[in-house]
$ cat work.tsv   # TSV, N, CA and C atoms and all ligand atoms
chain	number	residue	atom	x	y	z
A	1	MET	N	91.80	81.61	68.53
A	1	MET	CA	90.66	82.23	69.23
A	1	MET	C	91.04	82.60	70.65
A	2	LYS	N	91.66	81.63	71.33
A	2	LYS	CA	92.03	81.87	72.73
A	2	LYS	C	93.14	82.94	72.82
A	3	LEU	N	94.06	82.86	71.87
A	3	LEU	CA	95.18	83.82	71.89
A	3	LEU	C	94.70	85.25	71.70
A	4	SER	N	93.80	85.46	70.73
A	4	SER	CA	93.36	86.83	70.45
A	4	SER	C	92.55	87.38	71.62
A	5	HIS	N	91.84	86.50	72.30
A	5	HIS	CA	91.08	86.94	73.47
A	5	HIS	C	92.02	87.45	74.56
A	6	THR	N	93.10	86.69	74.77
A	6	THR	CA	94.09	87.10	75.77
A	6	THR	C	94.71	88.43	75.40
A	7	LEU	N	94.99	88.58	74.10
A	7	LEU	CA	95.59	89.82	73.62
A	7	LEU	C	94.66	91.01	73.89
A	8	LEU	N	93.38	90.80	73.60
A	8	LEU	CA	92.40	91.87	73.83
A	8	LEU	C	92.35	92.24	75.30
A	9	MET	N	92.40	91.24	76.16
A	9	MET	CA	92.37	91.48	77.61
A	9	MET	C	93.54	92.38	78.01
A	10	TRP	N	94.72	92.04	77.49
A	10	TRP	CA	95.92	92.80	77.83
A	10	TRP	C	95.83	94.23	77.33
A	11	MET	N	95.28	94.38	76.11
A	11	MET	CA	95.14	95.72	75.55
A	11	MET	C	94.19	96.53	76.42
A	12	TYR	N	93.11	95.89	76.83
A	12	TYR	CA	92.12	96.58	77.66
A	12	TYR	C	92.75	97.03	78.98
A	13	LEU	N	93.48	96.12	79.62
A	13	LEU	CA	94.13	96.44	80.90
A	13	LEU	C	95.12	97.57	80.73
A	14	GLY	N	95.87	97.52	79.62
A	14	GLY	CA	96.87	98.55	79.36
A	14	GLY	C	96.24	99.92	79.22
A	15	VAL	N	95.18	100.01	78.44
A	15	VAL	CA	94.50	101.29	78.19
A	15	VAL	C	93.90	101.80	79.50
A	16	SER	N	93.31	100.90	80.25
A	16	SER	CA	92.66	101.32	81.48
A	16	SER	C	93.67	101.86	82.50
A	17	ALA	N	94.83	101.23	82.59
A	17	ALA	CA	95.86	101.69	83.52
A	17	ALA	C	96.37	103.07	83.09
A	18	ALA	N	96.54	103.25	81.77
A	18	ALA	CA	97.07	104.52	81.27
A	18	ALA	C	96.10	105.66	81.56
A	19	SER	N	94.81	105.43	81.39
A	19	SER	CA	93.86	106.52	81.58
A	19	SER	C	93.75	106.89	83.05
A	20	ASN	N	93.87	105.91	83.93
A	20	ASN	CA	93.87	106.22	85.36
A	20	ASN	C	95.04	107.12	85.70
A	21	ASN	N	96.18	106.77	85.14
A	21	ASN	CA	97.39	107.53	85.38
A	21	ASN	C	97.24	108.98	84.94
A	22	ALA	N	96.76	109.17	83.71
A	22	ALA	CA	96.60	110.51	83.16
A	22	ALA	C	95.62	111.31	84.02
A	23	ASN	N	94.55	110.66	84.42
A	23	ASN	CA	93.55	111.31	85.25
A	23	ASN	C	94.17	111.79	86.56
A	24	GLY	N	94.97	110.94	87.18
A	24	GLY	CA	95.60	111.29	88.44
A	24	GLY	C	96.49	112.50	88.32
A	25	GLU	N	97.25	112.57	87.24
A	25	GLU	CA	98.15	113.70	87.06
A	25	GLU	C	97.38	114.98	86.77
A	26	LEU	N	96.31	114.84	86.01
A	26	LEU	CA	95.50	116.00	85.64
A	26	LEU	C	94.94	116.68	86.89
A	27	HIS	N	94.51	115.88	87.84
A	27	HIS	CA	93.86	116.44	89.03
A	27	HIS	C	94.78	116.45	90.25
A	28	ALA	N	96.08	116.35	90.00
A	28	ALA	CA	97.03	116.22	91.10
A	28	ALA	C	96.92	117.37	92.10
A	29	SER	N	96.66	118.59	91.60
A	29	SER	CA	96.67	119.74	92.50
A	29	SER	C	95.50	119.72	93.47
A	30	LYS	N	94.43	118.97	93.12
A	30	LYS	CA	93.27	118.95	94.00
A	30	LYS	C	93.29	117.76	94.95
A	31	ILE	N	94.20	116.85	94.74
A	31	ILE	CA	94.27	115.67	95.60
A	31	ILE	C	94.92	116.07	96.93
A	32	PRO	N	94.28	115.73	98.05
A	32	PRO	CA	94.89	116.08	99.33
A	32	PRO	C	96.27	115.44	99.49
A	33	ILE	N	97.15	116.16	100.15
A	33	ILE	CA	98.47	115.64	100.42
A	33	ILE	C	98.41	114.85	101.73
A	34	THR	N	99.21	113.82	101.82
A	34	THR	CA	99.19	112.98	103.00
A	34	THR	C	100.45	113.19	103.83
A	35	VAL	N	100.25	113.38	105.13
A	35	VAL	CA	101.38	113.38	106.07
A	35	VAL	C	101.15	112.22	107.02
A	36	THR	N	102.15	111.38	107.16
A	36	THR	CA	102.05	110.23	108.05
A	36	THR	C	102.64	110.60	109.41
A	37	ILE	N	101.94	110.20	110.45
A	37	ILE	CA	102.50	110.34	111.79
A	37	ILE	C	102.96	108.95	112.20
A	38	ASP	N	104.27	108.81	112.31
A	38	ASP	CA	104.83	107.48	112.57
A	38	ASP	C	106.05	107.63	113.49
A	39	ALA	N	106.10	106.81	114.52
A	39	ALA	CA	107.22	106.85	115.46
A	39	ALA	C	107.43	108.25	116.02
A	40	PHE	N	106.34	108.91	116.36
A	40	PHE	CA	106.37	110.24	116.99
A	40	PHE	C	107.02	111.28	116.08
A	41	GLN	N	106.80	111.15	114.79
A	41	GLN	CA	107.31	112.14	113.83
A	41	GLN	C	106.28	112.38	112.73
A	42	PHE	N	106.18	113.64	112.30
A	42	PHE	CA	105.40	113.96	111.12
A	42	PHE	C	106.28	113.71	109.90
A	43	GLN	N	105.78	112.92	108.96
A	43	GLN	CA	106.60	112.56	107.80
A	43	GLN	C	105.82	112.78	106.50
A	44	PRO	N	106.23	113.71	105.65
A	44	PRO	CA	107.35	114.64	105.89
A	44	PRO	C	106.91	115.75	106.84
A	45	ASP	N	107.90	116.38	107.48
A	45	ASP	CA	107.57	117.43	108.44
A	45	ASP	C	107.53	118.81	107.78
A	46	LYS	N	107.81	118.86	106.47
A	46	LYS	CA	107.71	120.12	105.74
A	46	LYS	C	107.11	119.85	104.37
A	47	ILE	N	105.95	120.45	104.08
A	47	ILE	CA	105.34	120.24	102.77
A	47	ILE	C	104.89	121.58	102.20
A	48	ARG	N	104.75	121.62	100.89
A	48	ARG	CA	104.27	122.83	100.20
A	48	ARG	C	102.96	122.49	99.52
A	49	ILE	N	101.96	123.34	99.74
A	49	ILE	CA	100.66	123.12	99.11
A	49	ILE	C	100.12	124.45	98.58
A	50	LYS	N	99.00	124.35	97.89
A	50	LYS	CA	98.32	125.56	97.42
A	50	LYS	C	97.19	125.90	98.38
A	51	ARG	N	96.87	127.17	98.45
A	51	ARG	CA	95.79	127.60	99.33
A	51	ARG	C	94.50	126.87	98.93
A	52	GLY	N	93.78	126.41	99.93
A	52	GLY	CA	92.55	125.67	99.68
A	52	GLY	C	92.75	124.16	99.61
A	53	GLN	N	94.00	123.77	99.50
A	53	GLN	CA	94.30	122.34	99.46
A	53	GLN	C	94.29	121.80	100.89
A	54	SER	N	93.97	120.55	101.04
A	54	SER	CA	93.93	119.99	102.38
A	54	SER	C	95.05	118.96	102.56
A	55	VAL	N	95.32	118.69	103.82
A	55	VAL	CA	96.34	117.69	104.16
A	55	VAL	C	95.68	116.65	105.06
A	56	ILE	N	95.86	115.40	104.70
A	56	ILE	CA	95.33	114.32	105.52
A	56	ILE	C	96.46	113.79	106.39
A	57	PHE	N	96.29	113.91	107.70
A	57	PHE	CA	97.27	113.40	108.65
A	57	PHE	C	96.83	111.99	109.07
A	58	ILE	N	97.68	111.03	108.82
A	58	ILE	CA	97.38	109.63	109.14
A	58	ILE	C	98.24	109.20	110.32
A	59	ASN	N	97.59	108.87	111.42
A	59	ASN	CA	98.32	108.47	112.62
A	59	ASN	C	98.56	106.96	112.60
A	60	LYS	N	99.80	106.58	112.36
A	60	LYS	CA	100.14	105.15	112.32
A	60	LYS	C	100.67	104.66	113.66
A	61	ASP	N	100.80	105.58	114.60
A	61	ASP	CA	101.22	105.17	115.94
A	61	ASP	C	100.05	104.56	116.69
A	62	GLU	N	100.34	104.00	117.85
A	62	GLU	CA	99.27	103.42	118.66
A	62	GLU	C	98.74	104.41	119.68
A	63	VAL	N	99.42	105.54	119.80
A	63	VAL	CA	99.00	106.57	120.76
A	63	VAL	C	98.39	107.75	120.01
A	64	PRO	N	97.55	108.54	120.70
A	64	PRO	CA	96.93	109.69	120.04
A	64	PRO	C	97.92	110.85	119.85
A	65	HIS	N	97.69	111.62	118.79
A	65	HIS	CA	98.47	112.83	118.52
A	65	HIS	C	97.50	113.93	118.12
A	66	THR	N	98.02	115.15	118.04
A	66	THR	CA	97.22	116.26	117.50
A	66	THR	C	98.05	117.03	116.49
A	67	VAL	N	97.36	117.78	115.65
A	67	VAL	CA	98.01	118.75	114.77
A	67	VAL	C	97.47	120.10	115.20
A	68	THR	N	98.26	120.78	116.03
A	68	THR	CA	97.81	122.01	116.67
A	68	THR	C	98.62	123.20	116.14
A	69	PRO	N	97.93	124.21	115.58
A	69	PRO	CA	98.67	125.34	115.01
A	69	PRO	C	99.45	126.11	116.07
A	70	ASP	N	100.63	126.59	115.71
A	70	ASP	CA	101.37	127.51	116.58
A	70	ASP	C	100.60	128.82	116.67
A	71	LYS	N	101.05	129.67	117.58
A	71	LYS	CA	100.34	130.92	117.86
A	71	LYS	C	100.09	131.75	116.60
A	72	ASN	N	101.07	131.77	115.69
A	72	ASN	CA	100.94	132.62	114.51
A	72	ASN	C	100.42	131.88	113.27
A	73	SER	N	100.00	130.64	113.46
A	73	SER	CA	99.50	129.86	112.33
A	73	SER	C	97.98	129.95	112.25
A	74	HIS	N	97.48	129.74	111.04
A	74	HIS	CA	96.04	129.91	110.83
A	74	HIS	C	95.43	128.67	110.18
A	75	PHE	N	94.96	127.77	110.99
A	75	PHE	CA	94.12	126.67	110.52
A	75	PHE	C	93.43	126.05	111.73
A	76	VAL	N	92.41	125.30	111.47
A	76	VAL	CA	91.63	124.72	112.56
A	76	VAL	C	92.36	123.51	113.14
A	77	PRO	N	92.59	123.50	114.44
A	77	PRO	CA	93.31	122.36	115.06
A	77	PRO	C	92.59	121.04	114.78
A	78	SER	N	93.38	120.00	114.66
A	78	SER	CA	92.79	118.70	114.33
A	78	SER	C	91.99	118.12	115.50
A	79	GLY	N	92.33	118.53	116.71
A	79	GLY	CA	91.81	117.77	117.85
A	79	GLY	C	92.57	116.46	117.94
A	80	ILE	N	92.10	115.58	118.79
A	80	ILE	CA	92.82	114.32	119.01
A	80	ILE	C	92.63	113.38	117.82
A	81	ILE	N	93.76	112.91	117.28
A	81	ILE	CA	93.72	111.88	116.25
A	81	ILE	C	94.17	110.59	116.92
A	82	LYS	N	93.24	109.69	117.14
A	82	LYS	CA	93.58	108.44	117.83
A	82	LYS	C	94.51	107.58	116.98
A	83	GLY	N	95.20	106.66	117.65
A	83	GLY	CA	96.06	105.73	116.93
A	83	GLY	C	95.29	104.99	115.85
A	84	GLY	N	95.85	104.94	114.66
A	84	GLY	CA	95.22	104.24	113.56
A	84	GLY	C	94.17	105.05	112.83
A	85	GLU	N	93.92	106.28	113.29
A	85	GLU	CA	92.91	107.10	112.63
A	85	GLU	C	93.57	108.22	111.83
A	86	GLN	N	92.73	108.97	111.08
A	86	GLN	CA	93.27	110.06	110.27
A	86	GLN	C	92.36	111.27	110.36
A	87	HIS	N	92.90	112.42	109.97
A	87	HIS	CA	92.13	113.66	110.04
A	87	HIS	C	92.56	114.58	108.91
A	88	GLU	N	91.58	115.20	108.25
A	88	GLU	CA	91.87	116.11	107.15
A	88	GLU	C	91.86	117.55	107.67
A	89	VAL	N	92.94	118.28	107.39
A	89	VAL	CA	93.05	119.68	107.81
A	89	VAL	C	93.03	120.56	106.55
A	90	PHE	N	92.21	121.59	106.57
A	90	PHE	CA	92.11	122.50	105.43
A	90	PHE	C	92.95	123.75	105.67
A	91	PHE	N	93.69	124.16	104.66
A	91	PHE	CA	94.56	125.32	104.78
A	91	PHE	C	94.06	126.41	103.84
A	92	GLU	N	93.45	127.44	104.42
A	92	GLU	CA	92.86	128.53	103.63
A	92	GLU	C	93.72	129.78	103.65
A	93	SER	N	94.72	129.85	104.54
A	93	SER	CA	95.57	131.04	104.65
A	93	SER	C	96.96	130.75	104.12
A	94	ALA	N	97.46	131.69	103.28
A	94	ALA	CA	98.81	131.55	102.75
A	94	ALA	C	99.83	131.82	103.85
A	95	GLY	N	101.03	131.32	103.62
A	95	GLY	CA	102.12	131.55	104.57
A	95	GLY	C	102.60	130.24	105.18
A	96	VAL	N	103.56	130.38	106.07
A	96	VAL	CA	104.11	129.20	106.74
A	96	VAL	C	103.22	128.87	107.94
A	97	GLN	N	102.59	127.73	107.88
A	97	GLN	CA	101.70	127.30	108.97
A	97	GLN	C	102.43	126.19	109.75
A	98	SER	N	102.98	126.58	110.88
A	98	SER	CA	103.71	125.60	111.68
A	98	SER	C	102.79	125.02	112.75
A	99	TYR	N	103.11	123.82	113.16
A	99	TYR	CA	102.23	123.13	114.11
A	99	TYR	C	103.03	122.18	114.98
A	100	SER	N	102.40	121.72	116.04
A	100	SER	CA	103.02	120.72	116.90
A	100	SER	C	101.93	119.81	117.46
A	101	CYS	N	102.37	118.82	118.20
A	101	CYS	CA	101.43	117.90	118.85
A	101	CYS	C	101.27	118.34	120.31
A	102	ASP	N	100.01	118.43	120.75
A	102	ASP	CA	99.75	118.85	122.14
A	102	ASP	C	100.42	117.93	123.15
A	103	PHE	N	100.44	116.64	122.85
A	103	PHE	CA	100.94	115.66	123.82
A	103	PHE	C	102.46	115.53	123.78
A	104	HIS	N	103.03	115.81	122.62
A	104	HIS	CA	104.47	115.62	122.43
A	104	HIS	C	105.02	116.87	121.72
A	105	PRO	N	105.32	117.90	122.51
A	105	PRO	CA	105.71	119.21	121.93
A	105	PRO	C	106.93	119.15	121.02
A	106	SER	N	107.73	118.10	121.15
A	106	SER	CA	108.90	118.01	120.26
A	106	SER	C	108.49	117.57	118.85
A	107	MET	N	107.26	117.08	118.71
A	107	MET	CA	106.76	116.71	117.38
A	107	MET	C	106.30	117.98	116.67
A	108	ARG	N	107.06	118.37	115.63
A	108	ARG	CA	106.73	119.62	114.95
A	108	ARG	C	106.73	119.43	113.45
A	109	GLY	N	105.97	120.31	112.77
A	109	GLY	CA	105.96	120.26	111.32
A	109	GLY	C	105.54	121.60	110.75
A	110	ARG	N	105.68	121.74	109.44
A	110	ARG	CA	105.32	122.98	108.76
A	110	ARG	C	104.60	122.68	107.46
A	111	VAL	N	103.58	123.47	107.19
A	111	VAL	CA	102.91	123.43	105.89
A	111	VAL	C	103.08	124.81	105.26
A	112	ILE	N	103.74	124.85	104.13
A	112	ILE	CA	103.95	126.14	103.45
A	112	ILE	C	102.86	126.29	102.40
A	113	VAL	N	101.97	127.26	102.63
A	113	VAL	CA	100.80	127.44	101.78
A	113	VAL	C	101.04	128.61	100.83
A	114	LYS	N	100.97	128.34	99.52
A	114	LYS	CA	101.19	129.39	98.52
A	114	LYS	C	99.90	130.09	98.17
B	1	CU	CU	101.88	113.36	119.65
$ encode --input "work.tsv" --output "structure tokens"
Amino acid sequence: MKLSHTLLMWMYLGVSAASNNANGELHASKIPITVTIDAFQFQPDKIRIKRGQSVIFINKDEVPHTVTPDKNSHFVPSGIIKGGEQHEVFFESAGVQSYSCDFHPSMRGRVIVK
């Protein structure tokens, strides 16, 4: 009795994990991509997304950063992202959208929007 109950539990856990996995892959294109800001670097600093997809920038540093579009880039600037906070940026225009941090101009990254 006890053994079969344990077996059922394991089967249930197995099925549940598998369906979560399949679900995640099915909707992968709609899941926002994450860029981590860590040690004064965007990681990764180059990503490819589809138009309409968003990118969540997570600031793991203790100081504030921004995601500010270059002159020829088209997206709404993040404004200040405080240390430990995050901000979602929406990319509606195709092309290479390059950006930098207002406070640390050497911090640069690119989002390639298809
Ligand atoms: Cu910065």
$ residues_near_point --input "work.tsv" --point "(92.1, 112.6, 118.3)" --cutoff "8 Å" --atoms "only C-alpha atoms" --output "MDAnalysis selection string"
chainID A and resid 64:66 78:82 85
$ residues_near_ligand --input "work.tsv" --ligand "ligand CU 1 (chain B)" --cutoff "8 Å" --atoms "only C-alpha atoms and all ligand atoms" --output "PyMOL selection string"
chain A and resi 40+63-66+100-105+107
$ atom_distance --input "work.tsv" --atom1 "atom C of A:Gln86" --atom2 "atom CA of A:Asp61"
12.1 Å
$ closest_residue --input "work.tsv" --among "A:Ile31, A:Ile56, A:Ile47, A:Ala94" --to "A:Val111" --atoms "only N, CA and C atoms"
A:Ile47
$ residues_around --input "work.tsv" --residues "A:Gly95" --least-positions-apart "5" --cutoff "8 Å" --atoms "only N, CA and C atoms" --output "JSON, numbers by chain"
{"A": [51, 73, 74, 111, 112, 113, 114]}
$ residues_near_point --input "work.tsv" --point "(99.6, 118.6, 104.4)" --cutoff "7 Å" --atoms "only N, CA and C atoms" --output "MDAnalysis selection string"
chainID A and resid 32:35 47:48 54:57 111
$ closest_residue --input "work.tsv" --among "A:Thr36, A:Gln53, A:Pro69, A:Phe42" --to "A:Phe90" --atoms "all atoms listed in the file"
A:Gln53
